[in-house]
file coords26.txt (compact mmCIF, C-alpha atoms (C1' of nucleotides))
# COMPACT_ATOMS: atom_id res chain seq x y z
CA MET Z 71 -4.96 36.48 -19.60
CA SER Z 72 -4.19 35.34 -23.13
CA ALA Z 73 -6.32 32.89 -25.06
CA THR Z 74 -4.14 30.00 -24.00
CA ALA Z 75 -4.28 30.77 -20.34
CA ASP Z 76 -3.97 27.22 -19.10
CA PRO Z 77 -0.37 26.62 -18.05
CA ARG Z 78 -0.72 22.92 -18.93
CA HIS Z 79 0.75 22.95 -22.39
CA ASP Z 80 -1.97 21.42 -24.50
CA THR Z 81 -5.67 21.69 -24.85
CA GLU Z 82 -7.43 18.86 -23.13
CA SER Z 83 -10.38 17.69 -25.13
CA PRO Z 84 -13.58 16.91 -23.22
CA LYS Z 85 -13.12 13.21 -23.92
CA GLN Z 86 -9.59 13.24 -22.61
CA GLN Z 87 -10.76 15.03 -19.51
CA ALA Z 88 -13.51 12.47 -19.05
CA ILE Z 89 -10.97 9.66 -19.40
CA LEU Z 90 -8.67 11.22 -16.82
CA THR Z 91 -11.52 11.73 -14.40
CA ALA Z 92 -12.88 8.21 -14.73
CA ALA Z 93 -9.46 6.60 -14.62
CA GLY Z 94 -8.50 8.60 -11.56
CA GLU Z 95 -11.62 7.56 -9.70
CA LEU Z 96 -11.18 3.88 -10.54
CA PHE Z 97 -7.41 3.59 -10.09
CA MET Z 98 -7.60 5.36 -6.75
CA HIS Z 99 -10.34 3.29 -5.27
CA GLN Z 100 -9.65 -0.12 -6.80
CA GLY Z 101 -5.95 -0.09 -7.50
CA TYR Z 102 -4.09 -0.88 -10.70
CA GLY Z 103 -4.81 -4.59 -11.07
CA ALA Z 104 -8.51 -4.46 -10.28
CA THR Z 105 -9.20 -1.63 -12.73
CA SER Z 106 -9.79 -2.64 -16.35
CA MET Z 107 -9.56 -0.48 -19.43
CA ASP Z 108 -13.14 -1.53 -20.21
CA ALA Z 109 -14.33 -0.08 -16.93
CA ILE Z 110 -12.45 3.16 -17.57
CA ALA Z 111 -13.91 3.48 -21.06
CA ARG Z 112 -17.39 2.82 -19.72
CA GLY Z 113 -16.92 5.31 -16.89
CA ALA Z 114 -15.69 7.97 -19.29
CA GLY Z 115 -18.43 7.30 -21.82
CA VAL Z 116 -16.01 6.57 -24.64
CA SER Z 117 -14.92 3.51 -26.55
CA LYS Z 118 -11.79 1.59 -25.78
CA ALA Z 119 -10.31 2.60 -29.11
CA THR Z 120 -10.64 6.24 -28.11
CA LEU Z 121 -8.95 5.40 -24.84
CA TYR Z 122 -5.97 3.98 -26.67
CA ALA Z 123 -5.92 6.92 -29.08
CA HIS Z 124 -5.18 9.15 -26.10
CA PHE Z 125 -3.01 6.88 -23.97
CA ALA Z 126 -0.69 4.30 -25.44
CA SER Z 127 -1.20 1.72 -22.71
CA LYS Z 128 -2.70 1.04 -19.34
CA ASP Z 129 0.68 1.64 -17.71
CA VAL Z 130 1.00 5.07 -19.30
CA LEU Z 131 -2.50 6.06 -18.26
CA PHE Z 132 -1.89 4.86 -14.72
CA ALA Z 133 1.40 6.73 -14.42
CA THR Z 134 -0.22 9.88 -15.81
CA ILE Z 135 -3.04 9.71 -13.30
CA ILE Z 136 -0.85 9.08 -10.28
CA ASN Z 137 1.77 11.63 -11.19
CA GLN Z 138 -0.87 14.27 -11.70
CA ALA Z 139 -2.53 13.35 -8.42
CA CYS Z 140 0.77 13.66 -6.60
CA LEU Z 141 1.23 17.17 -7.94
CA ASP Z 142 -2.36 18.29 -7.52
CA ASN Z 143 -2.79 17.23 -3.96
CA ILE Z 144 0.34 18.64 -2.47
CA VAL Z 145 -0.19 22.33 -1.94
CA VAL Z 146 2.68 23.27 0.25
CA GLY Z 147 1.56 26.80 0.76
CA GLU Z 148 -1.47 25.68 2.70
CA PHE Z 149 0.65 23.86 5.22
CA LEU Z 150 3.22 26.53 5.85
CA PRO Z 151 2.55 28.03 9.26
CA LEU Z 152 2.64 31.77 9.70
CA ASP Z 153 5.65 33.41 11.23
CA ALA Z 154 3.80 33.99 14.46
CA PRO Z 155 5.62 34.42 17.73
CA ASP Z 156 3.14 31.99 19.29
CA LEU Z 157 4.83 28.72 18.40
CA ALA Z 158 2.22 26.48 19.96
CA ALA Z 159 -0.59 28.09 18.00
CA ALA Z 160 1.35 27.95 14.73
CA LEU Z 161 2.28 24.29 15.18
CA THR Z 162 -1.23 23.37 16.21
CA ALA Z 163 -2.69 25.03 13.12
CA LEU Z 164 -0.13 23.35 10.90
CA GLY Z 165 -0.60 19.92 12.49
CA SER Z 166 -4.35 20.16 12.37
CA ARG Z 167 -4.44 21.06 8.70
CA MET Z 168 -1.85 18.42 7.85
CA LEU Z 169 -3.43 15.51 9.71
CA ARG Z 170 -6.90 16.35 8.40
CA PHE Z 171 -5.50 16.55 4.89
CA LEU Z 172 -3.78 13.17 5.26
CA LEU Z 173 -7.01 11.63 6.52
CA GLU Z 174 -9.06 12.70 3.50
CA ASP Z 175 -10.28 9.87 1.32
CA ARG Z 176 -8.34 11.12 -1.65
CA ALA Z 177 -5.03 11.41 0.20
CA LEU Z 178 -5.46 7.98 1.78
CA ALA Z 179 -6.29 6.49 -1.61
CA ILE Z 180 -3.22 7.97 -3.29
CA HIS Z 181 -1.03 6.77 -0.47
CA ARG Z 182 -2.44 3.27 -0.71
CA VAL Z 183 -2.07 3.04 -4.48
CA VAL Z 184 1.46 4.42 -4.54
CA THR Z 185 2.50 2.13 -1.71
CA ALA Z 186 0.99 -0.84 -3.49
CA GLU Z 187 2.55 -0.22 -6.88
CA SER Z 188 5.83 1.39 -5.88
CA MET Z 189 7.70 -1.83 -6.56
CA ARG Z 190 6.39 -2.21 -10.10
CA PHE Z 191 6.40 1.52 -10.88
CA PRO Z 192 9.44 2.89 -9.03
CA GLU Z 193 9.04 6.33 -10.57
CA LEU Z 194 5.68 6.69 -8.82
CA GLY Z 195 7.16 6.16 -5.39
CA ARG Z 196 9.78 8.75 -6.26
CA ALA Z 197 7.23 11.26 -7.54
CA PHE Z 198 5.04 10.86 -4.49
CA TYR Z 199 7.92 11.10 -2.06
CA ASP Z 200 9.53 14.10 -3.72
CA ASN Z 201 6.30 16.07 -4.03
CA GLY Z 202 4.95 15.04 -0.65
CA PRO Z 203 7.04 14.01 2.35
CA ARG Z 204 10.35 15.30 1.01
CA LEU Z 205 9.02 18.69 -0.01
CA PHE Z 206 7.22 19.18 3.27
CA ARG Z 207 10.29 18.15 5.23
CA GLU Z 208 12.33 20.80 3.44
CA VAL Z 209 9.80 23.58 3.81
CA PHE Z 210 9.00 22.81 7.41
CA GLY Z 211 12.66 22.26 8.26
CA THR Z 212 13.49 25.67 6.86
CA TRP Z 213 10.73 27.22 8.90
CA LEU Z 214 12.08 25.50 12.03
CA ALA Z 215 15.57 26.81 11.33
CA ARG Z 216 14.17 30.31 11.06
CA GLN Z 217 12.44 29.94 14.40
CA GLN Z 218 15.75 28.82 15.84
CA ALA Z 219 17.48 31.87 14.38
CA ALA Z 220 14.84 33.98 16.07
CA GLY Z 221 15.71 32.36 19.36
CA ARG Z 222 12.41 30.57 19.82
CA LEU Z 223 13.58 26.99 19.24
CA ALA Z 224 16.67 24.90 19.84
CA VAL Z 225 16.68 22.37 17.02
CA PRO Z 226 19.91 20.44 16.50
CA ASP Z 227 18.68 18.91 13.20
CA PRO Z 228 15.70 20.64 11.56
CA GLY Z 229 15.19 17.79 9.09
CA ILE Z 230 14.92 15.17 11.81
CA ALA Z 231 12.70 17.43 13.89
CA ALA Z 232 10.36 17.91 10.93
CA ASP Z 233 10.24 14.16 10.40
CA GLN Z 234 9.44 13.62 14.05
CA PHE Z 235 6.59 16.09 14.04
CA ILE Z 236 4.99 14.55 10.98
CA GLY Z 237 5.70 11.09 12.38
CA MET Z 238 3.81 11.86 15.56
CA LEU Z 239 0.83 12.85 13.40
CA ARG Z 240 0.97 9.82 11.10
CA THR Z 241 0.39 7.31 13.86
CA GLY Z 242 -2.50 6.07 15.98
CA VAL Z 243 -5.71 7.15 14.28
CA TYR Z 244 -3.95 7.76 10.98
CA GLN Z 245 -2.52 4.27 10.93
CA ARG Z 246 -5.95 2.86 11.65
CA ALA Z 247 -7.48 4.90 8.83
CA THR Z 248 -4.75 3.65 6.48
CA PHE Z 249 -6.13 0.13 6.83
CA GLY Z 250 -9.70 1.34 6.46
CA LEU Z 251 -10.56 0.20 9.97
CA GLN Z 252 -13.79 1.15 11.67
CA PRO Z 253 -14.72 3.31 13.37
CA PRO Z 254 -13.38 6.34 11.48
CA PRO Z 255 -11.38 8.85 13.50
CA THR Z 256 -13.37 11.35 15.52
CA GLU Z 257 -12.63 15.05 15.59
CA ALA Z 258 -11.69 14.68 19.26
CA GLU Z 259 -9.13 11.98 18.48
CA ILE Z 260 -7.62 14.08 15.72
CA ASP Z 261 -7.37 17.15 17.93
CA ALA Z 262 -5.88 15.10 20.76
CA THR Z 263 -3.24 13.69 18.43
CA VAL Z 264 -2.29 17.15 17.21
CA ALA Z 265 -2.21 18.61 20.71
CA ALA Z 266 -0.03 15.77 21.98
CA ALA Z 267 2.37 16.12 19.06
CA VAL Z 268 2.71 19.86 19.63
CA SER Z 269 3.22 19.37 23.35
CA THR Z 270 5.91 16.73 22.94
CA PHE Z 271 7.61 18.68 20.18
CA LEU Z 272 7.81 21.88 22.19
CA LYS Z 273 8.98 20.14 25.35
CA ALA Z 274 11.83 18.71 23.34
CA TYR Z 275 12.71 21.70 21.19
CA ALA Z 276 11.50 24.94 22.76
CA ALA Z 277 14.30 27.38 23.53
CA ASP Z 278 15.37 27.94 27.18
CA MET H 52 6.33 -34.06 23.70
CA SER H 53 3.64 -36.17 22.11
CA ALA H 54 3.76 -37.42 18.55
CA THR H 55 1.63 -34.52 17.37
CA ALA H 56 3.76 -31.81 18.83
CA ASP H 57 2.85 -29.13 16.31
CA PRO H 58 0.28 -26.82 17.83
CA ARG H 59 -1.12 -26.09 14.39
CA HIS H 60 -3.95 -28.53 14.33
CA ASP H 61 -3.40 -30.50 11.18
CA THR H 62 -0.53 -32.17 9.45
CA GLU H 63 0.65 -30.14 6.49
CA SER H 64 1.51 -32.29 3.54
CA PRO H 65 4.70 -31.44 1.66
CA LYS H 66 2.68 -30.20 -1.32
CA GLN H 67 0.60 -27.94 0.86
CA GLN H 68 3.72 -26.56 2.43
CA ALA H 69 5.22 -25.97 -1.00
CA ILE H 70 2.09 -24.14 -2.09
CA LEU H 71 2.14 -21.92 0.97
CA THR H 72 5.80 -21.12 0.48
CA ALA H 73 5.48 -20.29 -3.19
CA ALA H 74 2.28 -18.30 -2.71
CA GLY H 75 3.80 -16.36 0.16
CA GLU H 76 6.82 -15.41 -1.86
CA LEU H 77 4.76 -14.30 -4.87
CA PHE H 78 1.95 -12.50 -3.06
CA MET H 79 4.42 -10.61 -0.88
CA HIS H 80 6.64 -9.39 -3.67
CA GLN H 81 4.14 -8.89 -6.49
CA GLY H 82 0.87 -8.24 -4.72
CA TYR H 83 -2.50 -9.88 -5.19
CA GLY H 84 -3.41 -8.77 -8.68
CA ALA H 85 -0.06 -9.44 -10.32
CA THR H 86 0.21 -12.97 -8.93
CA SER H 87 -1.53 -15.69 -10.94
CA MET H 88 -2.58 -19.12 -9.78
CA ASP H 89 -0.55 -20.51 -12.67
CA ALA H 90 2.58 -18.88 -11.32
CA ILE H 91 1.91 -20.21 -7.83
CA ALA H 92 1.38 -23.74 -9.11
CA ARG H 93 4.56 -23.52 -11.15
CA GLY H 94 6.52 -22.15 -8.21
CA ALA H 95 5.25 -24.90 -5.93
CA GLY H 96 5.86 -27.62 -8.49
CA VAL H 97 2.24 -28.81 -8.47
CA SER H 98 -0.65 -28.66 -10.89
CA LYS H 99 -3.37 -26.08 -10.67
CA ALA H 100 -5.89 -28.79 -9.84
CA THR H 101 -3.85 -29.68 -6.77
CA LEU H 102 -3.78 -26.04 -5.84
CA TYR H 103 -7.57 -25.90 -5.89
CA ALA H 104 -7.80 -29.20 -3.98
CA HIS H 105 -6.08 -27.44 -1.06
CA PHE H 106 -7.48 -23.94 -1.37
CA ALA H 107 -10.95 -23.21 -2.66
CA SER H 108 -10.05 -19.97 -4.41
CA LYS H 109 -7.37 -17.39 -4.95
CA ASP H 110 -8.98 -15.19 -2.32
CA VAL H 111 -8.87 -17.93 0.30
CA LEU H 112 -5.24 -18.71 -0.44
CA PHE H 113 -4.32 -15.03 -0.27
CA ALA H 114 -6.11 -14.52 3.04
CA THR H 115 -4.45 -17.62 4.48
CA ILE H 116 -1.01 -16.41 3.49
CA ILE H 117 -1.41 -12.89 4.81
CA ASN H 118 -3.08 -13.88 8.05
CA GLN H 119 -0.33 -16.38 8.78
CA ALA H 120 2.33 -13.82 7.93
CA CYS H 121 0.73 -11.32 10.31
CA LEU H 122 0.89 -13.83 13.14
CA ASP H 123 4.34 -15.19 12.34
CA ASN H 124 6.12 -11.91 12.10
CA ILE H 125 4.91 -10.19 15.19
CA VAL H 126 6.88 -11.50 18.10
CA VAL H 127 6.05 -9.09 20.84
CA GLY H 128 8.42 -10.60 23.34
CA GLU H 129 11.41 -9.54 21.33
CA PHE H 130 10.39 -5.93 21.47
CA LEU H 131 9.60 -5.65 25.13
CA PRO H 132 12.38 -3.67 26.79
CA LEU H 133 13.84 -4.88 30.05
CA ASP H 134 12.83 -3.27 33.30
CA ALA H 135 16.12 -1.48 33.54
CA PRO H 136 16.55 1.69 35.55
CA ASP H 137 18.42 3.18 32.60
CA LEU H 138 15.52 4.41 30.53
CA ALA H 139 17.57 5.77 27.68
CA ALA H 140 19.35 2.47 27.15
CA ALA H 141 16.11 0.48 27.32
CA LEU H 142 14.34 2.75 24.84
CA THR H 143 17.31 2.79 22.52
CA ALA H 144 17.46 -1.01 22.47
CA LEU H 145 13.74 -1.23 21.89
CA GLY H 146 13.71 1.40 19.15
CA SER H 147 16.70 -0.09 17.42
CA ARG H 148 15.21 -3.58 17.31
CA MET H 149 11.82 -2.25 16.24
CA LEU H 150 13.00 0.01 13.41
CA ARG H 151 15.37 -2.64 12.08
CA PHE H 152 12.55 -5.16 12.17
CA LEU H 153 10.21 -2.80 10.31
CA LEU H 154 12.87 -2.20 7.66
CA GLU H 155 13.32 -5.88 6.84
CA ASP H 156 12.20 -6.89 3.37
CA ARG H 157 9.57 -9.22 4.73
CA ALA H 158 8.01 -6.68 7.08
CA LEU H 159 7.97 -4.01 4.37
CA ALA H 160 6.38 -6.45 1.94
CA ILE H 161 3.61 -7.43 4.35
CA HIS H 162 2.93 -3.81 5.14
CA ARG H 163 2.72 -2.93 1.46
CA VAL H 164 0.42 -5.81 0.58
CA VAL H 165 -1.92 -5.26 3.52
CA THR H 166 -2.08 -1.54 2.82
CA ALA H 167 -2.80 -2.20 -0.83
CA GLU H 168 -5.55 -4.76 -0.33
CA SER H 169 -7.10 -3.55 2.90
CA MET H 170 -10.06 -2.08 1.04
CA ARG H 171 -10.93 -5.30 -0.80
CA PHE H 172 -10.04 -7.56 2.17
CA PRO H 173 -11.00 -5.60 5.28
CA GLU H 174 -10.30 -8.54 7.58
CA LEU H 175 -6.64 -8.39 6.55
CA GLY H 176 -6.25 -4.80 7.67
CA ARG H 177 -7.86 -5.76 10.94
CA ALA H 178 -5.64 -8.81 11.46
CA PHE H 179 -2.50 -6.85 10.69
CA TYR H 180 -3.44 -3.94 12.91
CA ASP H 181 -4.52 -6.08 15.86
CA ASN H 182 -1.46 -8.31 15.78
CA GLY H 183 0.96 -5.51 15.00
CA PRO H 184 0.50 -1.85 15.87
CA ARG H 185 -2.34 -2.37 18.32
CA LEU H 186 -0.63 -5.14 20.27
CA PHE H 187 2.61 -3.24 20.47
CA ARG H 188 0.83 -0.10 21.59
CA GLU H 189 -0.77 -2.03 24.45
CA VAL H 190 2.37 -3.80 25.58
CA PHE H 191 4.57 -0.74 25.31
CA GLY H 192 1.92 1.47 26.91
CA THR H 193 1.74 -0.88 29.87
CA TRP H 194 5.50 -0.78 30.20
CA LEU H 195 5.43 3.02 30.13
CA ALA H 196 2.78 3.08 32.84
CA ARG H 197 4.98 0.87 34.99
CA GLN H 198 7.90 3.22 34.55
CA GLN H 199 5.65 6.04 35.61
CA ALA H 200 4.59 4.10 38.71
CA ALA H 201 8.27 3.66 39.48
CA GLY H 202 8.70 7.43 39.30
CA ARG H 203 10.92 7.44 36.23
CA LEU H 204 8.45 8.91 33.74
CA ALA H 205 5.58 11.36 33.68
CA VAL H 206 3.26 10.13 30.97
CA PRO H 207 -0.22 11.64 30.87
CA ASP H 208 -1.45 9.15 28.25
CA PRO H 209 0.66 6.00 27.83
CA GLY H 210 -1.19 5.00 24.66
CA ILE H 211 -0.50 8.29 22.91
CA ALA H 212 3.08 8.28 24.15
CA ALA H 213 3.58 4.79 22.72
CA ASP H 214 2.12 5.92 19.40
CA GLN H 215 4.41 8.93 19.35
CA PHE H 216 7.52 6.85 19.96
CA ILE H 217 6.69 4.41 17.20
CA GLY H 218 5.63 7.30 14.98
CA MET H 219 9.01 8.98 15.35
CA LEU H 220 10.62 5.73 14.20
CA ARG H 221 8.27 5.15 11.25
CA THR H 222 9.27 8.33 9.44
CA GLY H 223 12.19 9.63 7.42
CA VAL H 224 14.24 6.64 6.32
CA TYR H 225 11.38 4.24 6.97
CA GLN H 226 9.02 6.22 4.80
CA ARG H 227 11.60 6.24 2.02
CA ALA H 228 12.05 2.48 2.32
CA THR H 229 8.29 2.01 2.16
CA PHE H 230 8.32 3.34 -1.40
CA GLY H 231 11.36 1.27 -2.31
CA LEU H 232 13.45 4.38 -2.90
CA GLN H 233 17.18 4.24 -3.40
CA PRO H 234 19.54 4.40 -1.66
CA PRO H 235 18.54 2.02 1.12
CA PRO H 236 18.87 3.28 4.68
CA THR H 237 22.34 3.22 6.17
CA GLU H 238 23.09 1.93 9.64
CA ALA H 239 24.08 5.44 10.64
CA GLU H 240 20.74 6.86 9.52
CA ILE H 241 18.87 4.19 11.44
CA ASP H 242 20.87 4.79 14.60
CA ALA H 243 20.41 8.54 14.27
CA THR H 244 16.66 8.13 13.92
CA VAL H 245 16.49 5.96 17.03
CA ALA H 246 18.71 8.26 19.05
CA ALA H 247 16.66 11.30 18.08
CA ALA H 248 13.40 9.55 18.96
CA VAL H 249 14.73 8.53 22.37
CA SER H 250 16.05 12.01 23.03
CA THR H 251 12.79 13.75 22.11
CA PHE H 252 10.73 11.21 23.99
CA LEU H 253 12.73 11.57 27.19
CA LYS H 254 12.81 15.36 27.02
CA ALA H 255 9.04 15.29 26.86
CA TYR H 256 8.28 12.52 29.32
CA ALA H 257 11.17 12.02 31.73
CA ALA H 258 10.19 12.59 35.36
CA ASP H 259 11.37 15.74 37.17
C1' DG D 285 -10.88 11.44 -33.41
C1' DT D 286 -14.29 8.21 -32.73
C1' DC D 287 -16.77 4.17 -33.18
C1' DT D 288 -17.92 -1.31 -33.67
C1' DA D 289 -16.05 -5.53 -33.75
C1' DT D 290 -12.55 -8.64 -32.82
C1' DA D 291 -8.06 -10.65 -32.35
C1' DG D 292 -4.92 -12.90 -29.22
C1' DA D 293 -3.39 -13.87 -24.73
C1' DA D 294 -3.93 -14.85 -19.93
C1' DG D 295 -6.58 -15.51 -16.06
C1' DG D 296 -9.55 -18.39 -12.54
C1' DA D 297 -11.64 -22.53 -12.04
C1' DT D 298 -13.15 -27.51 -13.23
C1' DA D 299 -13.86 -32.42 -15.48
C1' DG D 300 -12.40 -36.78 -15.57
C1' DA D 301 -8.75 -40.31 -15.45
C1' DC D 302 -5.62 -42.52 -12.26
C1' DG N 200 -4.64 -36.40 -3.75
C1' DT N 201 -2.68 -35.63 -8.06
C1' DC N 202 -2.37 -35.07 -12.77
C1' DT N 203 -3.54 -33.46 -17.96
C1' DA N 204 -6.43 -31.07 -20.65
C1' DT N 205 -9.86 -27.82 -21.18
C1' DC N 206 -13.78 -24.41 -20.41
C1' DC N 207 -15.22 -19.90 -20.03
C1' DT N 208 -14.48 -15.36 -18.84
C1' DT N 209 -12.00 -11.22 -18.93
C1' DC N 210 -8.27 -8.60 -20.23
C1' DT N 211 -5.16 -5.56 -23.19
C1' DA N 212 -4.73 -3.93 -27.50
C1' DT N 213 -5.80 -3.28 -32.53
C1' DA N 214 -8.09 -3.31 -37.35
C1' DG N 215 -10.92 -0.98 -40.27
C1' DA N 216 -14.94 1.96 -41.33
C1' DC N 217 -16.59 6.67 -40.88
call {"tool": "encode", "arguments": {"input": "coords26.txt", "output": "structure tokens"}}
result
Amino acid sequence: MSATADPRHDTESPKQQAILTAAGELFMHQGYGATSMDAIARGAGVSKATLYAHFASKDVLFATIINQACLDNIVVGEFLPLDAPDLAAALTALGSRMLRFLLEDRALAIHRVVTAESMRFPELGRAFYDNGPRLFREVFGTWLARQQAAGRLAVPDPGIAADQFIGMLRTGVYQRATFGLQPPPTEAEIDATVAAAVSTFLKAYAAD
Amino acid sequence: MSATADPRHDTESPKQQAILTAAGELFMHQGYGATSMDAIARGAGVSKATLYAHFASKDVLFATIINQACLDNIVVGEFLPLDAPDLAAALTALGSRMLRFLLEDRALAIHRVVTAESMRFPELGRAFYDNGPRLFREVFGTWLARQQAAGRLAVPDPGIAADQFIGMLRTGVYQRATFGLQPPPTEAEIDATVAAAVSTFLKAYAAD
DNA sequence: GTCTATAGAAGGATAGAC
DNA sequence: GTCTATCCTTCTATAGAC
């Protein structure tokens, strides 16, 4: 509403925005080591000196990019299933959205980069985990507990159950996509994975 | 039996062995980009010229290391459960060995490196997948089909069921370990993950 | 803030002697 | 095969003018 509507504290100059965009593209698709500051400057249409006027070092720029990507790409709300009495439909919708999200180029790229550099940049692994898997586990686990309270599920450990559901999605075609293997997953494979995960999950945890 | 007992075709000189050892250690723990040929030569106690006399380029050396590691570390036999009538015990033993294997430093390191470089070295992703996940899926799927033939299981799709079992292991504590997060998994957490996977799997697929 | 130009270091790869 | 010494490129980062 006000003049400074953007919640991100400071004004981002066009050049800074261009740098962030170019750096994000390059770091995501080529990794930390294979991306040079020259290439980022060229991609952003600025000089290297300008680059270093905005970001003190390559490490800082990389951490900024990855941290921001971790926050941007995890929109929990989208993955929260509705409180529908039809458990199978709710889980199928959730699983379908989640697996398709994980299979997007951008999500795969972030996962690859964070995995690759998590030893040299421990805070990145932490940021990714906390904003991604951990957050989802909490939200989904809470939802499962509520279903249990409503008498629809019998879940001894909601956290473990949430992990199992996501684990059954992140396997098979997803694992293949992680390594960039051809052919890419088909819609039918994705749907079959989701349907199988929902089926197994409900056989194990449905009330009765 | 013969004088040339080693199935690997050629004699490996001590220097070559030293190079492979040093390169393996460095590539695994620092990745491709952060490992220099200087560092490998230093670690192996040879000159860089000797390095290049044995391996034409950094890429070739890297591919050699990773391909060998993929073959060395996947010993399917160890993970094949016995044909016991007690399904729960067999699956628990299998899951326990598998998850503990995946959590070893060496297995985590290979997985990280292959994930990181699979876009620039597609053949590595393929080698890892074929000798690891794909092979296990086939062997385990065949075992599941045999249990079904014996009337102990009802498995509509053995391949998907195998993926689901491994997927329920490769989540939670494993995902945390992938990003090098502290604290490391406890024995109790590992056992609980395995027990939960076996329980869910059997509730979904046990015959009756 | 932004540029051009460059310093200073490190990297991959090779020449030539032994 | 093995070494020492070196070439050339590329990289991160900065100096200095505007």
call {"tool": "residues_around", "arguments": {"input": "coords26.txt", "residues": "range 177-190 of chain Z", "least_positions_apart": "6", "cutoff": "8 Å", "atoms": "only C-alpha atoms (C1' of nucleotides)", "output": "VMD selection string"}}
result
(chain Z and resid 97 to 99 101 to 102 136 139 to 140 143 171 198 247 to 248) or (chain H and resid 81 to 82 163 to 164 166 to 167 229 to 231)
call {"tool": "interface_residues", "arguments": {"input": "coords26.txt", "of": "chain N", "to": "chain H", "cutoff": "8 Å", "atoms": "all atoms listed in the file", "output": "ChimeraX atom specification"}}
result
/N:200-202
call {"tool": "closest_residue", "arguments": {"input": "coords26.txt", "among": "Z:Asp200, Z:Asp156, Z:Glu95, Z:Asp261", "to": "Gln226 in chain H", "atoms": "all atoms listed in the file"}}
result
Z:Asp200
call {"tool": "interface_residues", "arguments": {"input": "coords26.txt", "of": "chain D", "to": "chain Z", "cutoff": "8 Å", "atoms": "all atoms listed in the file", "output": "NGL selection string"}}
result
:D and (285-287)
call {"tool": "closest_residue", "arguments": {"input": "coords26.txt", "among": "H:Glu174, H:Glu155, H:Asp214, H:Asp259", "to": "chain Z", "atoms": "all atoms listed in the file"}}
result
H:Asp214
call {"tool": "atom_distance", "arguments": {"input": "coords26.txt", "atom1": "CA of Thr251 in chain H", "atom2": "CA of Ala274 in chain Z"}}
result
5.2 Å
call {"tool": "closest_residue", "arguments": {"input": "coords26.txt", "among": "Z:Leu150, Z:Leu251, Z:Val225, Z:Ala277", "to": "chain H", "atoms": "all atoms listed in the file"}}
result
Z:Leu251
call {"tool": "closest_residue", "arguments": {"input": "coords26.txt", "among": "Z:Ala133, Z:Leu157, Z:Ala104, Z:Leu90", "to": "chain H", "atoms": "all atoms listed in the file"}}
result
Z:Ala104
call {"tool": "residues_around", "arguments": {"input": "coords26.txt", "residues": "DA212 in chain N", "least_positions_apart": "3", "cutoff": "9 Å", "atoms": "all atoms listed in the file", "output": "count of residues only"}}
result
4
call {"tool": "residues_around", "arguments": {"input": "coords26.txt", "residues": "range 203-206 of chain N", "least_positions_apart": "5", "cutoff": "9 Å", "atoms": "only C-alpha atoms (C1' of nucleotides)", "output": "PDB file with C-alpha atoms (C1' of nucleotides), in the coordinates of the input"}}
result
ATOM      1  C1'  DA D 297     -11.640 -22.530 -12.040  1.00  0.00           C
ATOM      2  C1'  DT D 298     -13.150 -27.510 -13.230  1.00  0.00           C
ATOM      3  C1'  DA D 299     -13.860 -32.420 -15.480  1.00  0.00           C
ATOM      4  C1'  DA D 301      -8.750 -40.310 -15.450  1.00  0.00           C
TER       5       DA D 301
END
call {"tool": "closest_residue", "arguments": {"input": "coords26.txt", "among": "Z:Pro226, Z:Gly165, Z:Gln234, Z:Asp142", "to": "Val245 in chain H", "atoms": "only C-alpha atoms"}}
result
Z:Gln234
call {"tool": "closest_residue", "arguments": {"input": "coords26.txt", "among": "H:Ala95, H:Ile70, H:Ile241, H:Leu175", "to": "chain Z", "atoms": "all atoms listed in the file"}}
result
H:Leu175
call {"tool": "atom_distance", "arguments": {"input": "coords26.txt", "atom1": "CA of Ala257 in chain H", "atom2": "CA of Arg203 in chain H"}}
result
6.4 Å
